[in-house]
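Listing of target20.cif; format and content: mmCIF, C-alpha atoms.
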```cif
data_data
loop_
_atom_site.label_atom_id
_atom_site.label_comp_id
_atom_site.auth_asym_id
_atom_site.auth_seq_id
_atom_site.Cartn_x
_atom_site.Cartn_y
_atom_site.Cartn_z
CA MET A 1 -5.67 25.57 -16.05
CA SER A 2 -7.22 25.02 -12.62
CA ASP A 3 -8.55 21.70 -11.29
CA GLU A 4 -12.06 23.10 -11.55
CA GLU A 5 -11.60 23.90 -15.23
CA VAL A 6 -10.25 20.40 -15.90
CA PHE A 7 -13.20 18.97 -14.00
CA ALA A 8 -15.58 20.96 -16.23
CA TYR A 9 -13.98 19.46 -19.34
CA LEU A 10 -14.46 16.00 -17.86
CA LEU A 11 -18.13 16.69 -17.23
CA ASP A 12 -18.85 17.93 -20.76
CA GLY A 13 -16.96 14.98 -22.26
CA SER A 14 -14.29 17.00 -24.07
CA LEU A 15 -11.66 15.31 -21.88
CA LYS A 16 -11.67 11.64 -20.87
CA ASP A 17 -10.57 10.79 -17.34
CA HIS A 18 -8.12 8.13 -18.55
CA GLN A 19 -6.24 10.94 -20.35
CA LEU A 20 -5.59 12.99 -17.21
CA GLU A 21 -2.08 11.75 -16.46
CA LYS A 22 -0.81 12.56 -19.96
CA LYS A 23 -2.69 15.86 -20.29
CA LEU A 24 -1.74 17.25 -16.87
CA GLY A 25 1.78 15.82 -16.65
CA ASP A 26 1.31 15.37 -12.89
CA THR A 27 0.12 11.92 -11.86
CA GLU A 28 -0.96 12.83 -8.31
CA ARG A 29 -2.90 15.84 -9.55
CA ALA A 30 -4.54 13.58 -12.15
CA VAL A 31 -5.67 11.28 -9.35
CA ALA A 32 -7.04 14.23 -7.36
CA VAL A 33 -9.07 15.52 -10.31
CA ARG A 34 -10.34 12.03 -11.13
CA ARG A 35 -11.54 11.73 -7.53
CA MET A 36 -13.56 14.92 -8.07
CA LEU A 37 -15.20 13.29 -11.08
CA TYR A 38 -16.09 10.06 -9.30
CA GLU A 39 -17.30 11.84 -6.17
CA HIS A 40 -19.65 13.73 -8.47
CA THR A 41 -20.68 10.58 -10.36
CA LEU A 42 -21.19 8.46 -7.24
CA ASN A 43 -22.63 11.32 -5.18
CA ARG A 44 -20.45 10.34 -2.25
CA LYS A 45 -17.06 11.29 -0.86
CA LEU A 46 -13.94 9.16 -1.27
CA ASP A 47 -12.35 10.50 1.90
CA ASN A 48 -11.72 7.02 3.31
CA ILE A 49 -9.58 6.10 0.32
CA PRO A 50 -6.20 7.88 0.68
CA TYR A 51 -4.34 9.18 -2.36
CA GLN A 52 -1.71 11.71 -1.34
CA GLY A 53 1.99 10.92 -0.96
CA TYR A 54 2.05 7.90 -3.29
CA ASP A 55 4.52 7.51 -6.16
CA TYR A 56 2.01 7.34 -9.01
CA ASP A 57 4.76 7.85 -11.58
CA LYS A 58 5.71 4.22 -10.95
CA VAL A 59 2.09 3.07 -11.23
CA PHE A 60 1.08 4.91 -14.40
CA GLY A 61 1.45 2.75 -17.49
CA ALA A 62 2.57 -0.26 -15.46
CA ASN A 63 0.35 -1.37 -12.60
CA CYS A 64 -3.10 0.23 -12.58
CA GLU A 65 -5.38 2.45 -14.63
CA ILE A 66 -8.09 5.01 -13.79
CA VAL A 67 -6.46 5.40 -10.37
CA VAL A 68 -8.35 7.16 -7.53
CA GLY A 69 -6.04 6.25 -4.64
CA TYR A 70 -4.62 3.26 -2.87
CA VAL A 71 -5.74 0.77 -0.23
CA PRO A 72 -3.36 0.44 2.73
CA ILE A 73 -2.92 -3.10 4.03
CA PRO A 74 -1.22 -3.76 7.38
CA VAL A 75 2.15 -5.49 7.06
CA GLY A 76 3.58 -7.73 9.78
CA ILE A 77 6.91 -9.49 9.95
CA VAL A 78 7.51 -13.06 11.09
CA GLY A 79 10.80 -14.65 11.98
CA PRO A 80 13.53 -15.30 12.21
CA LEU A 81 12.83 -18.48 10.31
CA VAL A 82 16.01 -20.44 9.68
CA ILE A 83 15.92 -21.67 6.08
CA ASN A 84 18.89 -23.72 4.88
CA SER A 85 20.90 -22.46 7.88
CA GLU A 86 20.10 -18.80 7.13
CA PRO A 87 17.83 -16.72 9.40
CA ILE A 88 15.14 -15.00 7.30
CA TYR A 89 12.46 -12.48 8.22
CA ILE A 90 9.26 -12.62 6.16
CA PRO A 91 6.81 -9.72 5.56
CA MET A 92 3.11 -10.56 5.39
CA ALA A 93 0.36 -8.15 4.29
CA THR A 94 -3.02 -9.19 5.64
CA THR A 95 -6.19 -8.08 7.37
CA GLU A 96 -6.79 -11.47 8.99
CA GLY A 97 -6.14 -11.26 12.70
CA CYS A 98 -3.99 -14.00 14.26
CA LEU A 99 -2.45 -15.04 10.92
CA VAL A 100 0.88 -13.28 11.47
CA ALA A 101 1.02 -14.26 15.14
CA SER A 102 0.25 -17.88 14.33
CA THR A 103 2.81 -18.06 11.52
CA ASN A 104 5.37 -16.48 13.81
CA ARG A 105 4.75 -19.25 16.34
CA GLY A 106 5.47 -21.77 13.61
CA CYS A 107 8.69 -19.92 12.79
CA LYS A 108 9.68 -20.06 16.46
CA ALA A 109 9.08 -23.80 16.64
CA ILE A 110 11.04 -24.50 13.45
CA THR A 111 13.96 -22.24 14.33
CA ALA A 112 14.16 -23.66 17.87
CA SER A 113 14.37 -27.08 16.23
CA GLY A 114 17.36 -26.12 14.09
CA GLY A 115 15.51 -24.70 11.09
CA CYS A 116 14.06 -26.16 7.93
CA ASN A 117 15.61 -27.44 4.73
CA ALA A 118 14.16 -26.19 1.44
CA ILE A 119 15.03 -27.20 -2.10
CA LEU A 120 13.91 -26.23 -5.58
CA LEU A 121 12.83 -29.21 -7.68
CA LYS A 122 11.88 -27.43 -10.90
CA ASP A 123 11.87 -23.91 -12.34
CA ALA A 124 9.78 -23.28 -15.46
CA ILE A 125 6.88 -20.94 -16.11
CA THR A 126 4.38 -22.15 -18.71
CA ARG A 127 2.11 -20.85 -21.45
CA ALA A 128 -0.08 -23.05 -23.64
CA PRO A 129 -1.41 -21.53 -26.87
CA CYS A 130 -4.47 -23.13 -28.44
CA LEU A 131 -3.91 -23.94 -32.13
CA ARG A 132 -6.71 -25.14 -34.40
CA PHE A 133 -6.52 -27.18 -37.62
CA PRO A 134 -9.00 -28.25 -40.32
CA SER A 135 -8.89 -31.82 -39.03
CA ALA A 136 -7.82 -33.91 -36.07
CA MET A 137 -5.31 -35.64 -38.37
CA ARG A 138 -3.55 -32.33 -39.02
CA ALA A 139 -3.56 -31.55 -35.31
CA ALA A 140 -1.91 -34.91 -34.63
CA ALA A 141 0.61 -34.20 -37.38
CA LEU A 142 1.82 -31.10 -35.54
CA LYS A 143 2.18 -33.07 -32.33
CA ARG A 144 4.31 -35.68 -34.10
CA TRP A 145 6.33 -33.03 -35.92
CA ILE A 146 7.26 -31.11 -32.79
CA GLU A 147 8.32 -34.30 -31.00
CA VAL A 148 11.09 -34.86 -33.58
CA PRO A 149 14.31 -33.55 -31.92
CA ALA A 150 15.48 -31.61 -34.98
CA ASN A 151 12.11 -29.85 -35.28
CA TYR A 152 11.99 -29.09 -31.56
CA LYS A 153 15.43 -27.51 -31.93
CA LYS A 154 14.09 -25.11 -34.57
CA VAL A 155 11.25 -24.04 -32.27
CA GLU A 156 13.65 -23.70 -29.36
CA GLU A 157 15.92 -21.38 -31.34
CA ALA A 158 12.97 -19.22 -32.35
CA PHE A 159 11.69 -19.04 -28.78
CA ASN A 160 15.07 -18.21 -27.23
CA SER A 161 15.73 -15.45 -29.80
CA THR A 162 13.14 -13.24 -28.09
CA THR A 163 14.88 -12.76 -24.74
CA ASN A 164 18.19 -13.01 -22.91
CA TYR A 165 16.60 -14.83 -19.95
CA GLY A 166 13.74 -16.89 -21.33
CA LEU A 167 15.28 -20.27 -22.07
CA LEU A 168 12.87 -22.89 -23.36
CA GLU A 169 12.87 -26.06 -21.26
CA SER A 170 10.19 -28.18 -22.91
CA ILE A 171 7.05 -28.30 -25.04
CA THR A 172 4.18 -30.68 -24.27
CA ALA A 173 1.70 -31.12 -27.13
CA THR A 174 -1.83 -32.25 -26.25
CA VAL A 175 -4.45 -32.94 -28.93
CA ALA A 176 -8.19 -32.51 -28.43
CA GLY A 177 -10.03 -33.11 -31.68
CA ARG A 178 -8.88 -30.44 -34.13
CA ASN A 179 -7.12 -28.48 -31.39
CA VAL A 180 -3.51 -28.71 -30.24
CA TYR A 181 -2.43 -27.20 -26.94
CA LEU A 182 1.32 -26.57 -26.83
CA ARG A 183 2.46 -26.18 -23.23
CA PHE A 184 5.71 -24.21 -23.44
CA ALA A 185 7.81 -24.31 -20.26
CA CYS A 186 10.72 -21.90 -19.89
CA MET A 187 13.19 -20.45 -17.43
CA SER A 188 12.52 -16.76 -16.83
CA GLY A 189 15.37 -15.43 -14.70
CA ASP A 190 14.22 -13.31 -11.77
CA ALA A 191 10.94 -12.37 -13.47
CA MET A 192 7.77 -14.33 -12.84
CA GLY A 193 7.86 -14.70 -16.60
CA MET A 194 4.36 -14.56 -18.09
CA ASN A 195 5.19 -11.77 -20.57
CA MET A 196 8.49 -13.45 -21.39
CA VAL A 197 7.01 -16.85 -22.17
CA SER A 198 4.12 -15.31 -24.14
CA LYS A 199 6.55 -13.39 -26.33
CA GLY A 200 8.54 -16.57 -26.98
CA CYS A 201 5.35 -18.47 -27.84
CA LEU A 202 4.34 -15.93 -30.47
CA LYS A 203 7.72 -16.17 -32.15
CA SER A 204 7.54 -19.97 -32.09
CA ILE A 205 4.08 -19.94 -33.66
CA GLU A 206 5.39 -17.76 -36.49
CA LEU A 207 7.84 -20.56 -37.24
CA LEU A 208 5.15 -23.23 -37.00
CA GLU A 209 2.98 -21.32 -39.47
CA THR A 210 5.66 -21.79 -42.13
CA GLU A 211 5.50 -25.56 -41.60
CA PHE A 212 1.72 -25.70 -41.08
CA PRO A 213 0.07 -22.91 -43.09
CA ASP A 214 -3.39 -24.20 -42.15
CA LEU A 215 -2.68 -23.53 -38.48
CA VAL A 216 -4.94 -21.00 -36.75
CA LEU A 217 -3.96 -19.41 -33.44
CA VAL A 218 -7.15 -19.41 -31.37
CA ALA A 219 -5.63 -17.90 -28.22
CA ILE A 220 -2.12 -17.34 -26.92
CA SER A 221 -3.38 -18.80 -23.65
CA GLY A 222 -5.47 -21.92 -24.16
CA ASN A 223 -6.03 -22.58 -20.42
CA TYR A 224 -3.72 -25.59 -20.48
CA CYS A 225 -1.00 -23.41 -18.94
CA THR A 226 -2.81 -23.13 -16.42
CA ASP A 227 -2.84 -19.57 -15.08
CA LYS A 228 -5.01 -18.35 -12.17
CA LYS A 229 -7.36 -21.34 -12.21
CA PRO A 230 -7.39 -24.66 -10.33
CA ALA A 231 -5.89 -27.33 -12.60
CA ALA A 232 -4.54 -30.82 -12.18
CA VAL A 233 -1.84 -30.13 -14.78
CA ASN A 234 -0.12 -27.68 -12.43
CA TRP A 235 -0.46 -30.10 -9.52
CA ILE A 236 1.09 -32.94 -11.52
CA LEU A 237 3.62 -31.26 -13.83
CA GLY A 238 4.31 -28.10 -11.86
CA ARG A 239 4.36 -24.46 -12.94
CA GLY A 240 6.79 -21.75 -11.92
CA LYS A 241 8.87 -22.98 -9.00
CA SER A 242 8.37 -26.48 -7.57
CA VAL A 243 9.58 -26.63 -3.96
CA VAL A 244 9.70 -29.05 -1.05
CA VAL A 245 10.49 -27.98 2.53
CA GLU A 246 10.95 -30.15 5.61
CA ALA A 247 11.75 -29.86 9.30
CA VAL A 248 12.00 -32.14 12.31
CA ILE A 249 10.39 -30.76 15.45
CA PRO A 250 11.53 -32.46 18.71
CA GLU A 251 8.78 -33.66 20.99
CA ARG A 252 9.69 -31.10 23.65
CA ILE A 253 9.19 -28.24 21.14
CA VAL A 254 5.87 -29.71 20.04
CA LYS A 255 4.74 -29.64 23.66
CA SER A 256 6.32 -26.35 24.84
CA VAL A 257 5.82 -24.12 21.78
CA LEU A 258 2.98 -25.74 19.84
CA LYS A 259 1.07 -26.84 22.96
CA THR A 260 0.09 -30.24 21.62
CA SER A 261 1.55 -33.71 21.17
CA THR A 262 3.22 -35.34 18.19
CA HIS A 263 0.51 -37.99 17.99
CA GLU A 264 -2.34 -35.47 18.09
CA ILE A 265 -0.96 -33.21 15.37
CA ILE A 266 -0.15 -36.15 13.08
CA GLU A 267 -3.62 -37.59 13.53
CA SER A 268 -5.33 -34.22 12.98
CA ASN A 269 -3.32 -33.64 9.82
CA LYS A 270 -4.27 -37.05 8.45
CA GLN A 271 -7.97 -36.74 9.20
CA LYS A 272 -8.28 -33.13 8.00
CA ASN A 273 -5.69 -32.44 5.30
CA HIS A 274 -5.59 -35.88 3.73
CA ILE A 275 -8.91 -37.66 4.25
CA GLY A 276 -11.05 -34.52 4.44
CA SER A 277 -9.49 -33.02 1.32
CA ALA A 278 -9.82 -36.34 -0.53
CA MET A 279 -13.52 -36.50 0.34
CA ALA A 280 -13.90 -32.95 -0.99
CA GLY A 281 -12.31 -33.97 -4.30
CA SER A 282 -9.59 -31.40 -3.79
CA ILE A 283 -6.88 -30.68 -6.37
CA GLY A 284 -3.77 -29.37 -4.66
CA GLY A 285 -5.65 -28.63 -1.46
CA PHE A 286 -4.15 -31.20 0.88
CA ASN A 287 -3.19 -28.57 3.42
CA ALA A 288 -4.66 -26.47 6.21
CA HIS A 289 -4.30 -22.92 4.89
CA ALA A 290 -1.33 -22.57 2.54
CA ALA A 291 -3.22 -19.87 0.61
CA ASN A 292 -3.23 -17.64 3.70
CA ILE A 293 0.54 -17.40 3.86
CA VAL A 294 1.06 -17.39 0.08
CA THR A 295 -1.36 -14.51 -0.42
CA ALA A 296 0.00 -12.46 2.49
CA ILE A 297 3.56 -12.74 1.17
CA PHE A 298 2.40 -12.09 -2.40
CA LEU A 299 0.63 -8.88 -1.39
CA ALA A 300 3.64 -7.69 0.60
CA THR A 301 6.21 -8.39 -2.12
CA GLY A 302 4.38 -7.23 -5.23
CA GLN A 303 3.44 -10.58 -6.74
CA ASP A 304 0.26 -11.15 -8.76
CA PRO A 305 -2.26 -11.97 -6.00
CA ALA A 306 -4.53 -13.86 -8.41
CA GLN A 307 -1.78 -16.43 -8.89
CA ASN A 308 -2.29 -17.59 -5.32
CA VAL A 309 -4.75 -20.05 -6.93
CA GLU A 310 -2.04 -22.32 -8.30
CA SER A 311 0.78 -21.08 -6.07
CA SER A 312 -1.11 -22.38 -3.04
CA ASN A 313 -1.14 -25.96 -4.32
CA CYS A 314 0.33 -27.78 -1.34
CA LEU A 315 0.60 -31.21 0.22
CA THR A 316 1.29 -31.06 3.95
CA ILE A 317 2.67 -34.28 5.45
CA MET A 318 3.16 -34.86 9.17
CA GLU A 319 4.59 -38.12 10.47
CA TYR A 320 6.87 -39.49 13.16
CA ALA A 321 10.56 -38.79 12.62
CA ASP A 322 13.10 -41.60 12.68
CA ASP A 323 13.42 -41.43 16.48
CA GLY A 324 9.75 -42.41 16.80
CA VAL A 325 8.78 -39.44 19.00
CA SER A 326 9.69 -36.24 17.12
CA LEU A 327 7.55 -34.71 14.36
CA HIS A 328 8.68 -34.74 10.75
CA VAL A 329 6.72 -32.12 8.80
CA SER A 330 6.98 -31.20 5.14
CA VAL A 331 5.18 -29.17 2.48
CA THR A 332 5.40 -30.00 -1.21
CA MET A 333 4.40 -27.09 -3.45
CA PRO A 334 4.69 -27.75 -7.20
CA SER A 335 3.55 -24.42 -8.65
CA ILE A 336 4.79 -21.30 -6.85
CA GLU A 337 4.81 -18.35 -9.28
CA VAL A 338 7.01 -15.51 -8.08
CA GLY A 339 9.46 -12.93 -9.36
CA THR A 340 11.67 -10.22 -7.91
CA VAL A 341 11.56 -7.98 -10.99
CA GLY A 342 8.57 -6.82 -13.01
CA GLY A 343 4.92 -6.51 -12.00
CA GLY A 344 4.41 -4.83 -8.66
CA THR A 345 7.89 -5.61 -7.33
CA HIS A 346 9.22 -2.16 -8.29
CA LEU A 347 6.68 -0.23 -6.19
CA PRO A 348 8.30 1.36 -3.12
CA ALA A 349 6.60 -0.60 -0.33
CA GLN A 350 6.71 -3.91 -2.15
CA SER A 351 10.35 -3.36 -3.05
CA GLY A 352 11.03 -2.65 0.61
CA CYS A 353 9.43 -5.93 1.62
CA LEU A 354 11.61 -7.80 -0.90
CA GLU A 355 14.57 -6.06 0.71
CA ILE A 356 13.56 -7.50 4.08
CA CYS A 357 13.78 -10.96 2.51
CA GLY A 358 17.12 -10.13 0.90
CA VAL A 359 15.84 -10.71 -2.64
CA ARG A 360 15.15 -7.25 -4.01
CA GLY A 361 15.57 -6.91 -7.78
CA ALA A 362 17.61 -9.12 -10.08
CA SER A 363 20.32 -11.34 -8.67
CA ARG A 364 23.85 -10.07 -9.24
CA VAL A 365 25.26 -13.55 -8.86
CA SER A 366 23.20 -15.75 -11.18
CA ALA A 367 20.04 -14.92 -13.13
CA GLY A 368 17.01 -16.26 -11.31
CA ASP A 369 18.64 -16.78 -7.90
CA ASN A 370 16.52 -14.13 -6.16
CA ALA A 371 13.22 -15.45 -7.56
CA ARG A 372 14.17 -19.00 -6.63
CA GLN A 373 15.08 -17.89 -3.11
CA LEU A 374 11.75 -16.08 -2.79
CA ALA A 375 9.96 -19.31 -3.73
CA LEU A 376 11.85 -21.13 -0.97
CA ILE A 377 10.87 -18.38 1.47
CA VAL A 378 7.19 -18.61 0.49
CA ALA A 379 7.14 -22.39 0.92
CA SER A 380 9.02 -22.20 4.23
CA GLY A 381 6.53 -19.61 5.48
CA VAL A 382 3.76 -22.01 4.51
CA LEU A 383 5.48 -24.74 6.52
CA ALA A 384 5.46 -22.47 9.58
CA GLY A 385 1.81 -21.56 9.06
CA GLU A 386 0.74 -25.16 8.57
CA LEU A 387 2.60 -26.29 11.67
CA SER A 388 1.06 -23.65 13.92
CA LEU A 389 -2.52 -23.95 12.65
CA MET A 390 -2.53 -27.74 12.80
CA ALA A 391 -1.20 -27.55 16.35
CA ALA A 392 -4.02 -25.14 17.27
CA LEU A 393 -6.59 -27.45 15.69
CA ALA A 394 -5.14 -30.49 17.42
CA ALA A 395 -5.37 -28.70 20.76
CA ASN A 396 -8.74 -27.05 19.92
CA HIS A 397 -7.22 -23.60 20.42
CA LEU A 398 -8.20 -22.06 17.07
CA VAL A 399 -11.59 -20.58 17.90
CA ARG A 400 -10.42 -19.47 21.33
CA SER A 401 -7.47 -17.52 19.91
CA HIS A 402 -9.59 -15.84 17.24
CA MET A 403 -12.23 -14.87 19.76
CA GLN A 404 -9.55 -13.39 22.00
CA HIS A 405 -7.38 -11.60 19.43
CA ASN A 406 -9.49 -11.08 16.33
CA ARG A 407 -12.69 -9.50 17.62
CA LYS A 408 -13.83 -5.93 17.90
CA PRO A 409 -14.63 -4.67 21.41
CA ALA A 410 -18.14 -5.71 22.39
CA ALA A 411 -20.80 -3.05 21.92
CA GLU A 412 -22.60 -1.65 24.95
CA PRO A 413 -25.65 -3.81 25.76
CA THR A 414 -28.98 -2.29 24.77
CA THR A 415 -31.88 -2.05 27.19
CA THR A 416 -34.58 -2.13 24.52
CA THR A 417 -36.65 -5.28 24.07
CA THR A 418 -38.19 -4.21 20.76
CA HIS A 419 -38.34 -6.92 18.10
CA SER A 420 -37.31 -9.61 20.61
CA THR A 421 -39.62 -12.11 18.96
CA THR A 422 -38.10 -11.31 15.55
CA ALA A 423 -34.62 -11.80 17.00
CA VAL A 424 -35.55 -15.26 18.28
CA GLN A 425 -37.01 -16.18 14.89
CA ALA A 426 -33.86 -14.93 13.13
CA SER A 427 -31.75 -17.05 15.45
CA ILE A 428 -33.75 -20.12 14.51
CA LEU A 429 -33.49 -19.31 10.81
CA ARG A 430 -29.69 -19.28 10.95
CA ARG A 431 -29.89 -23.06 10.91
CA ASN A 432 -29.37 -24.29 7.37
CA ALA A 433 -32.76 -25.03 5.91
CA SER A 434 -31.41 -28.05 4.05
CA MET A 435 -30.07 -29.66 7.24
CA PRO A 436 -32.21 -32.59 8.37
CA ASP A 437 -33.63 -32.55 11.88
CA VAL A 438 -31.67 -35.25 13.71
CA HIS A 439 -34.39 -35.48 16.34
CA SER A 440 -37.27 -36.17 13.94
#
```
Let me see whether you can do it: turn the structure in this file into structure tokens.
Amino acid sequence: MSDEEVFAYLLDGSLKDHQLEKKLGDTERAVAVRRMLYEHTLNRKLDNIPYQGYDYDKVFGANCEIVVGYVPIPVGIVGPLVINSEPIYIPMATTEGCLVASTNRGCKAITASGGCNAILLKDAITRAPCLRFPSAMRAAALKRWIEVPANYKKVEEAFNSTTNYGLLESITATVAGRNVYLRFACMSGDAMGMNMVSKGCLKSIELLETEFPDLVLVAISGNYCTDKKPAAVNWILGRGKSVVVEAVIPERIVKSVLKTSTHEIIESNKQKNHIGSAMAGSIGGFNAHAANIVTAIFLATGQDPAQNVESSNCLTIMEYADDGVSLHVSVTMPSIEVGTVGGGTHLPAQSGCLEICGVRGASRVSAGDNARQLALIVASGVLAGELSLMAALAANHLVRSHMQHNRKPAAEPTTTTTHSTTAVQASILRRNASMPDVHS
């Protein structure tokens, strides 16, 4: 059957486009035919979206549905960044000009200073089902029941029976009226762990239903986890990998590489990242641009990019080192959610980027070692990015560098003067209408 005949079946509705991969048995051909359908539906070509030469067999049934192609994102590499005495190169996928160059400058400053030290403080992914009872008294009864060690042990055994890697670490029960939110925290090996912890939660709830038959499972995720949303619970208790990284940058490196002074960068960090973020009522946002580096590494290495929300929680501290002249800089990141197996990590390009970091696939030494190392790499990359951006801000170089390196070539000047009055009016209107006139 030709592509045109398949296309005709799609048009008359006798074949659904989501069935193409199974019906044709050729995933790339299925994508090509689906493009024909959507070009017809949209009445426009999809030529700017490439589709050929991609391994759709890995995508189908795992990463994306109704596929019409892929979006190429430039990938840069920064480094070497010496982390715990080991030189590491870090891939970053981004379309933001200057980000890779700036982060690389931070890597240079840190490595020239002897590197950074990074340590994992906690490793536990979370899921918090919402359970509902007929009364608040019954909800409280569950909380008290699960806090009895012998009862917790029963739940733990049920949870751990679902996987070889998902080991339950703790359960925090929070009551809100008739609702109970059980925040399960578990180790998940080299996987990020959301499917693993969800499976364990369901098995645990089956056990709880035998003890509390009036229990109703409202949702396997009750938003107290908290996944892909800003939340103080992640900032305070952590989620995924909790990491702290530090480095001491000698004054000469601050001046020669970062082009500023220790005093200026410390003061800028305090006024911007601490006071400014406090005035904004920020949760986890006491940093300059941690999300930039987190997201770029996530995209490169096949992580869930939506989890940059909580993974970018970061406190950047800059202060004088013990010698009174050097810069001590650290980032504390309580909720980095990464894995080196599962999700998008198996796709060819993303797997190749994990290989650059030396953490591709599952660890052959100890379960979870690769994912934990990736979390250290992410946080150390953030340290480099924070250091470089804050130096640029302290020296007022940020706008200058973006204007120089992140702008399209200027268009040829036009000789027409048409609509000049409108242009002047538009320029005036760019001023925020809600801004008071300081001269009135």
Residue IDs satisfying the PyMOL selection byres ((chain A and resi 60) around 12), as a list in words:
His18, Gln19, Leu20, Glu21, Lys22, Gly25, Asp26, Thr27, Glu28, Ala30, Val31, Tyr54, Asp55, Tyr56, Asp57, Lys58, Val59, Gly61, Ala62, Asn63, Cys64, Glu65, Ile66, Val67, Val68, Gly344 and Leu347 of chain A
Exactly which residues make up the result of the PyMOL selection byres ((chain A and resi 317) around 12) on this file, given as a VMD selection string?
chain A and resid 244 to 248 265 to 274 286 to 288 314 to 316 318 to 321 327 to 333 383 386 to 387 390
Go ahead and save the picked residues with C-alpha atoms, as a PDB file, in the frame of the given file.
```pdb
ATOM      1  CA  VAL A 244       9.700 -29.050  -1.050  1.00  0.00           C
ATOM      2  CA  VAL A 245      10.490 -27.980   2.530  1.00  0.00           C
ATOM      3  CA  GLU A 246      10.950 -30.150   5.610  1.00  0.00           C
ATOM      4  CA  ALA A 247      11.750 -29.860   9.300  1.00  0.00           C
ATOM      5  CA  VAL A 248      12.000 -32.140  12.310  1.00  0.00           C
ATOM      6  CA  ILE A 265      -0.960 -33.210  15.370  1.00  0.00           C
ATOM      7  CA  ILE A 266      -0.150 -36.150  13.080  1.00  0.00           C
ATOM      8  CA  GLU A 267      -3.620 -37.590  13.530  1.00  0.00           C
ATOM      9  CA  SER A 268      -5.330 -34.220  12.980  1.00  0.00           C
ATOM     10  CA  ASN A 269      -3.320 -33.640   9.820  1.00  0.00           C
ATOM     11  CA  LYS A 270      -4.270 -37.050   8.450  1.00  0.00           C
ATOM     12  CA  GLN A 271      -7.970 -36.740   9.200  1.00  0.00           C
ATOM     13  CA  LYS A 272      -8.280 -33.130   8.000  1.00  0.00           C
ATOM     14  CA  ASN A 273      -5.690 -32.440   5.300  1.00  0.00           C
ATOM     15  CA  HIS A 274      -5.590 -35.880   3.730  1.00  0.00           C
ATOM     16  CA  PHE A 286      -4.150 -31.200   0.880  1.00  0.00           C
ATOM     17  CA  ASN A 287      -3.190 -28.570   3.420  1.00  0.00           C
ATOM     18  CA  ALA A 288      -4.660 -26.470   6.210  1.00  0.00           C
ATOM     19  CA  CYS A 314       0.330 -27.780  -1.340  1.00  0.00           C
ATOM     20  CA  LEU A 315       0.600 -31.210   0.220  1.00  0.00           C
ATOM     21  CA  THR A 316       1.290 -31.060   3.950  1.00  0.00           C
ATOM     22  CA  MET A 318       3.160 -34.860   9.170  1.00  0.00           C
ATOM     23  CA  GLU A 319       4.590 -38.120  10.470  1.00  0.00           C
ATOM     24  CA  TYR A 320       6.870 -39.490  13.160  1.00  0.00           C
ATOM     25  CA  ALA A 321      10.560 -38.790  12.620  1.00  0.00           C
ATOM     26  CA  LEU A 327       7.550 -34.710  14.360  1.00  0.00           C
ATOM     27  CA  HIS A 328       8.680 -34.740  10.750  1.00  0.00           C
ATOM     28  CA  VAL A 329       6.720 -32.120   8.800  1.00  0.00           C
ATOM     29  CA  SER A 330       6.980 -31.200   5.140  1.00  0.00           C
ATOM     30  CA  VAL A 331       5.180 -29.170   2.480  1.00  0.00           C
ATOM     31  CA  THR A 332       5.400 -30.000  -1.210  1.00  0.00           C
ATOM     32  CA  MET A 333       4.400 -27.090  -3.450  1.00  0.00           C
ATOM     33  CA  LEU A 383       5.480 -24.740   6.520  1.00  0.00           C
ATOM     34  CA  GLU A 386       0.740 -25.160   8.570  1.00  0.00           C
ATOM     35  CA  LEU A 387       2.600 -26.290  11.670  1.00  0.00           C
ATOM     36  CA  MET A 390      -2.530 -27.740  12.800  1.00  0.00           C
TER      37      MET A 390
END
```
Within 9 Å of A:Lys203 using only C-alpha atoms, minus same-chain residues under 4 positions, as a VMD selection string:
chain A and resid 155 158 to 159 161 to 162 198 to 199 207 to 208
Residues just named, written with C-alpha atoms as a PDB file, in the frame of the given file:
```pdb
ATOM      1  CA  VAL A 155      11.250 -24.040 -32.270  1.00  0.00           C
ATOM      2  CA  ALA A 158      12.970 -19.220 -32.350  1.00  0.00           C
ATOM      3  CA  PHE A 159      11.690 -19.040 -28.780  1.00  0.00           C
ATOM      4  CA  SER A 161      15.730 -15.450 -29.800  1.00  0.00           C
ATOM      5  CA  THR A 162      13.140 -13.240 -28.090  1.00  0.00           C
ATOM      6  CA  SER A 198       4.120 -15.310 -24.140  1.00  0.00           C
ATOM      7  CA  LYS A 199       6.550 -13.390 -26.330  1.00  0.00           C
ATOM      8  CA  LEU A 207       7.840 -20.560 -37.240  1.00  0.00           C
ATOM      9  CA  LEU A 208       5.150 -23.230 -37.000  1.00  0.00           C
TER      10      LEU A 208
END
```
Tell me, as a JSON list (two decimals) with C-alpha atoms, keeping the file's coordinate frame, which residues lie within 8 Å of A:Gly222, counting all atoms listed in the file; anything in the same chain fewer than 2 positions away does not count.
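Final file, selection-v5.json:
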```json
[["chain", "number", "residue", "atom", "x", "y", "z"],
["A", 128, "ALA", "CA", -0.08, -23.05, -23.64],
["A", 129, "PRO", "CA", -1.41, -21.53, -26.87],
["A", 130, "CYS", "CA", -4.47, -23.13, -28.44],
["A", 181, "TYR", "CA", -2.43, -27.20, -26.94],
["A", 218, "VAL", "CA", -7.15, -19.41, -31.37],
["A", 219, "ALA", "CA", -5.63, -17.90, -28.22],
["A", 220, "ILE", "CA", -2.12, -17.34, -26.92],
["A", 224, "TYR", "CA", -3.72, -25.59, -20.48],
["A", 225, "CYS", "CA", -1.00, -23.41, -18.94]]
```
What does the distance between atom CA of A:Leu202 and atom CA of A:Ser221 come to in Å, to one decimal place?
10.7 Å
